[in-house]
Structure formats: C-alpha cells, structure tokens
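See structure below.
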Amino acid sequence: MSKLPNLYHRPQTIFQENLANVTGGFTSHCAKPFLKWVGGKHSILPELLARVPDRYDLYCEPFLGGGTLFFALHPEKAYLSDINPHLAATFRAVRDNVEPLVDYLRIHASKHSPAYYYKAREHLFVEGDRVKIASLFIYLNKTCFNGLYRVNKKGKFNVSIGDYKTPAILDETNLRACSRLLQGKEIRQHDFSQIKLVKNGFYYLDPPYHKAYDGYNRKRFSDCEHKRLAEFCHRINRAGGHFMLSNSDTPFVRKLYKGCSIETVESFRSVSCKGSQRGKTSELIIRNYK
C-alpha cells in the first residue's frame with residue numbers, strides 16, 4: 001500500500017498529555033474506560049499513541065471493546081461501533097442516560113452476591129430496556145472472572161463469577177466523565193465492514209487476534225474473517241483514510257499485510273485462566289502510513 005499524504009489533524013494537547021503522563025494508560029483527570037476488557041490495549045497504549053497520525057478529521061473504531069485508545073485520545077469527532085449489541089447499547093446508555101444508569105448500578109452493587117450474579121447473568125438476555133441492559137452489562141463485567149466476555153453457541157454470556165471481595169461496580173465520577181466525552185459521538189452496532197469510509201478518517205482496528213481468544217460472540221473470528229478484514233483495510237486505503245491495526249505476530253498476519261508498515265511491540269497477555277499461559281508476548285502494529 002502506498003503512503004498517504006499527511007492530511008489529518010488531532011488535538012495535540014490531549015495526545016501529548018496522555019503520551020507524556022501515561023499512568024496505567026490515562027491521566028488521573030481524564031475519562032477512562034469504564035469496562036474491563038480482555039484484549040484491551042493498556043499494555044501497548046504508549047506505542048499506539050506514538051503512532052497515531054498527525055492529522056485526521058474523524059476517529060473510527062470498528063472493534064470498540066473497552067475503547068482504550070478512544071479514551072486516551074479524546075477525539076472531537078468519532079464513529080464507534082462493535083458487533084456486540086449489549087456493548088453498543090451500554091456505550092449509548094452511558095452517553096444518553098448516565099444518571100438512571102448510575103441509579104441501577106447502585107442497586108446492583110447493594111445486592112451483589114453469587115446468587116444475584118447468576119440471576120443477573122440470565123436476565124441480561126431477556127431484558128429489553130437499554131439502560132437496564134447497560135447496568136447489567138457493567139455489573140457483570142465488574143464481577144465476572146477476569147473481566148472476561150465470552151458467549152456460548154447460543155450467544156449467551158456464560159462466564160463464572162470472579163473472586164473479588166469488593167468489586168468496583170460503580171464509579172459514578174468516571175461514568176459521568178465518560179458520558180461527557182461521548183456526547184456527539186456516533187455509536188453503532190454492526191459488523192466492521194459496515195463502517196462508513198471517509199477521506200481523512202483514522203481507523204483503529206483491534207480485532208480478535210489471530211490464533212488467540214475470539215469468544216466475544218458466537219461467530220468466531222476465523223482466518224476467513226482476518227482475510228476479510230485485510231480487504232477492508234485495502235478499502236480504507238483506497239478511500240484516502242489512515243488505518244492502524246493491532247494483531248498477533250504470526251506469518252499468516254504478516255502475509256496478509258505485506259507492503260504495509262509492520263512493527264513488533266511487546267505486550268502482556270492475561271486472557272488465560274492458567275497463569276503459565278499469561279505473560280509477555282510480541283504483537284504487531286500495522287499501518288498504511290509512516
């Protein structure tokens with residue numbers, strides 16, 4: 001892929017502050033991710049921030065997850081999407097209905113117990129109210145094992161309760177800060193290929209990694225999906241956009257993005273329940289610009 005011209009702009013103050021003062025990924029006064037998310041980018045956030053293009057008009061994140069880079073950048077204009085309907089509904093509720101969401105989370109926190117957790121887990125898939133869905137989603141995220149989101153073949157969340165004495169179920173100060181940041185941001189639920197392509201857009205793509213955990217929804221992210229994603233990146237390039245993608249360091253991934261800028265960085269993997277399978281690993285940051 002050919003190098004694109006430098007046509008993009010980002011708010012330098014937020015970027016430089018987060019890069020210079022990164023502490024666990026974020027400065028103390030900024031809105032920070034309100035979800036724990038397996039595969040989150042905290043461990044390589046400085047590497048990502050250092051590679052964000054100098055200029056862009058719209059920030060797009062098609063695999064939203066916990067939104068680590070979004071919360072670090074604080075972009076003025078953003079299009080956020082994910083295939084997970086409960087995740088998208090939760091972000092919209094934080095944006096649009098944060099005060100009733102806080103009230104529901106306060107109730108969950110007061111009733112938390114193993115029995116309550118498993119009732120909430122079942123109720124998530126029959127609840128129809130978006131704010132109640134968001135409160136259940138956040139509650140389960142904060143109290144389940146390792147912050148893991150995993151579904152069974154029926155698409156139902158099936159993670160066991162975590163062993164936390166005092167889980168941080170409600171952080172109303174941060175939720176309100178996140179709500180302010182999300183104002184005016186477009187939040188959608190759909191497949192990555194449906195995101196709109198715009199000239200001067202910056203697309204950060206953080207898919208389920210190749211040969212790694214991909215249980216975020218019942219449709220697993222196969223080699224065919226990775227090929228489809230690579231073609232989508234070609235489409236971004238042809239549309240005059242910048243993309244930055246994180247993925248496993250495997251020969252398959254390197255071959256898919258031959259001709260792009262491919263750099264190796266070190267991260268910490270904590271997905272497995274087995275301690276022996278956690279630890280430092282190398283992964284790739286792939287771009288169509290320098």
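Going through the structure tokens in order, the chains are called A, B, and so on, while each chain numbers its residues from 1 and the ligands are numbered from 1 in the order shown.
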Who sits within 10 Å of Glu76 (chain A), only C-alpha atoms, same chain under 3 positions skipped, as a compact mmCIF listing (two decimals) with N, CA and C atoms, in the first residue's frame:
```txt
# COMPACT_ATOMS: atom_id res chain seq x y z
N ARG A 10 -5.22 16.05 14.75
CA ARG A 10 -5.75 15.59 16.04
C ARG A 10 -5.49 16.65 17.10
N PRO A 11 -6.25 16.68 18.18
CA PRO A 11 -5.99 17.64 19.25
C PRO A 11 -4.66 17.32 19.94
N ASP A 57 -9.62 13.84 10.37
CA ASP A 57 -10.87 14.55 10.60
C ASP A 57 -11.86 13.76 11.46
N LEU A 58 -11.81 12.43 11.35
CA LEU A 58 -12.77 11.57 12.05
C LEU A 58 -12.05 10.35 12.60
N TYR A 59 -12.28 10.05 13.89
CA TYR A 59 -11.74 8.84 14.50
C TYR A 59 -12.78 7.74 14.42
N LEU A 73 -7.31 9.32 23.49
CA LEU A 73 -7.20 10.40 22.50
C LEU A 73 -8.22 11.52 22.71
N LEU A 181 -17.67 12.90 27.48
CA LEU A 181 -16.80 12.66 26.33
C LEU A 181 -17.58 12.06 25.16
N LEU A 182 -18.57 11.22 25.43
CA LEU A 182 -19.30 10.53 24.38
C LEU A 182 -20.37 11.40 23.72
N GLN A 183 -20.63 12.58 24.28
CA GLN A 183 -21.63 13.44 23.67
C GLN A 183 -21.24 13.79 22.23
N GLY A 184 -22.20 13.64 21.32
CA GLY A 184 -21.94 13.96 19.93
C GLY A 184 -21.23 12.87 19.15
N LYS A 185 -20.85 11.78 19.82
CA LYS A 185 -20.18 10.68 19.13
C LYS A 185 -21.22 9.69 18.61
```
- Task: Could you give me the residues within region 70-274 of chain A that DSSP places in strand (DSSP E or B), as a PyMOL selection string?
- Result: chain A and resi 78-82+144+151+157+161+186-189+201-205+242-248+261-269
- Query: Taking the backbone alone, and naming residues the way the document does, which bits of region 7-249 of chain A are helix (DSSP H, G or I) by DSSP, as JSON, numbers by chain?
  - Reply: {"A": [12, 13, 14, 15, 16, 17, 18, 19, 20, 42, 43, 44, 45, 46, 47, 48, 49, 68, 69, 70, 71, 72, 73, 85, 86, 87, 88, 89, 90, 91, 92, 93, 94, 95, 96, 98, 99, 100, 101, 102, 103, 104, 105, 106, 107, 108, 109, 110, 111, 114, 115, 116, 117, 118, 119, 120, 121, 122, 123, 130, 131, 132, 133, 134, 135, 136, 137, 138, 139, 140, 141, 142, 143, 145, 146, 147, 172, 173, 174, 175, 176, 177, 178, 179, 180, 181, 182, 192, 193, 194, 223, 224, 225, 226, 227, 228, 229, 230, 231, 232, 233, 234, 235, 236, 237, 238]}
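Every protein or nucleic acid residue with an atom no more than 9 Å from Glu172 (chain A), counting only C-alpha atoms and leaving out same-chain residues fewer than 5 positions away, appears here: Val98, Glu99, Val102 and Ala177 of chain A.
Each of A:Ile161, A:Leu136, A:Leu64, A:Ile262 was checked against Asp191 (chain A) using only C-alpha atoms; the smallest atom-to-atom distance is that of A:Leu64.
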- Skip Asn174 (chain A) itself and residues of its chain fewer than 5 positions away, then list as a VMD selection string all residues within 12 Å of it, counting only C-alpha atoms. chain A and resid 28 to 35 71 94 98 102 168 to 169 179 to 181
May I have the selected residues written with C-alpha atoms, as a PDB file, in the first residue's frame?
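Okay, part_27.pdb is ready:
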```pdb
ATOM      1  CA  SER A  28      -5.947  10.988  36.516  1.00  0.00           C
ATOM      2  CA  HIS A  29      -8.471  13.673  35.479  1.00  0.00           C
ATOM      3  CA  CYS A  30      -9.497  12.202  32.096  1.00  0.00           C
ATOM      4  CA  ALA A  31     -12.432   9.952  31.341  1.00  0.00           C
ATOM      5  CA  LYS A  32     -11.066   6.425  31.226  1.00  0.00           C
ATOM      6  CA  PRO A  33     -12.522   3.095  30.085  1.00  0.00           C
ATOM      7  CA  PHE A  34     -15.483   2.130  32.253  1.00  0.00           C
ATOM      8  CA  LEU A  35     -15.259  -1.570  31.298  1.00  0.00           C
ATOM      9  CA  PHE A  71     -10.497   7.327  25.796  1.00  0.00           C
ATOM     10  CA  VAL A  94     -23.552   5.949  29.181  1.00  0.00           C
ATOM     11  CA  VAL A  98     -25.958   8.184  32.657  1.00  0.00           C
ATOM     12  CA  VAL A 102     -25.860   5.130  37.926  1.00  0.00           C
ATOM     13  CA  ALA A 168     -15.654  -1.762  41.876  1.00  0.00           C
ATOM     14  CA  ILE A 169     -19.148  -1.994  40.427  1.00  0.00           C
ATOM     15  CA  SER A 179     -20.833  10.481  29.291  1.00  0.00           C
ATOM     16  CA  ARG A 180     -19.497  13.988  28.651  1.00  0.00           C
ATOM     17  CA  LEU A 181     -16.804  12.658  26.333  1.00  0.00           C
TER      18      LEU A 181
END
```
- Work out how far CA of Cys60 (chain A) is from CA of Ala239 (chain A), in Å to one decimal. 13.8 Å
- Pick out the closest residue to Gly241 (chain A) from this set: A:Tyr118, A:Tyr289, A:Tyr257, A:Phe221. Count only C-alpha atoms. A:Tyr289
- By how many Å are CA of Leu49 (chain A) and CA of Trp37 (chain A) apart? 18.9 Å
- Leaving out Phe232 (chain A) and any residue of its chain fewer than 6 positions from it, which residues lie within 10 Å of it when counting only C-alpha atoms, given as a count of residues only? 7
- Query: What lies within 9 Å of Pro207 (chain A) using only C-alpha atoms, ignoring chain neighbours under 3 positions off, as number ranges by chain?
  - Reply: A: 62-63, 210, 214, 221, 226, 229, 245-247
With C-alpha atoms retained, export the selected residues as a compact mmCIF listing (two decimals), in the first residue's frame.
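Once everything was written out, this is part-v9.txt:
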```txt
# COMPACT_ATOMS: atom_id res chain seq x y z
CA PRO A 62 -14.94 -0.71 14.46
CA PHE A 63 -13.91 -3.16 17.23
CA HIS A 210 -5.19 -14.43 15.08
CA ASP A 214 -12.02 -14.97 19.97
CA PHE A 221 -13.08 -14.75 14.05
CA HIS A 226 -8.99 -11.96 9.01
CA LEU A 229 -10.55 -7.53 7.46
CA LEU A 245 -4.32 -2.34 13.25
CA SER A 246 -3.18 -4.48 16.19
CA ASN A 247 -2.84 -8.24 15.78
```
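If you look at CA of Asn84 (chain A) and CA of Arg150 (chain A), they are 11.1 Å away from each other.
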- Task: Find the residue from A:Asp129, A:Glu225, A:Asp206, A:Glu186 that sits nearest to Pro100 (chain A); use only C-alpha atoms when measuring.
- Result: A:Asp129
Do a neighbour search on Ile187 (chain A) at 9 Å with only C-alpha atoms, toss out local chain neighbours closer than 5 positions, and write the hits as a PDB file with C-alpha atoms, in the first residue's frame.
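And here is the file that came out, out-v4.pdb:
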```
ATOM      1  CA  ALA A  78     -15.744   9.792  16.442  1.00  0.00           C
ATOM      2  CA  TYR A  79     -17.671   6.856  14.995  1.00  0.00           C
ATOM      3  CA  LEU A  80     -17.631   3.933  17.417  1.00  0.00           C
ATOM      4  CA  SER A  81     -19.036   0.501  16.604  1.00  0.00           C
ATOM      5  CA  ASP A  82     -18.953  -3.115  17.642  1.00  0.00           C
ATOM      6  CA  ALA A  88     -23.106  -0.888  21.837  1.00  0.00           C
ATOM      7  CA  ALA A  89     -26.231  -0.446  23.953  1.00  0.00           C
ATOM      8  CA  PHE A  91     -21.990   2.864  25.379  1.00  0.00           C
ATOM      9  CA  ARG A  92     -25.174   4.560  24.172  1.00  0.00           C
ATOM     10  CA  LEU A 182     -19.305  10.526  24.380  1.00  0.00           C
TER      11      LEU A 182
END
```
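Closest approach to Lys290 (chain A) from the set A:His108, A:Lys258, A:Lys165, A:His242 is made by A:His242, with distances taken over only C-alpha atoms.
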- Query: With distances taken over only C-alpha atoms, which of A:Ala134, A:Val151, A:Leu87, A:Asp223 is nearest to Pro208 (chain A)?
  - Reply: A:Asp223
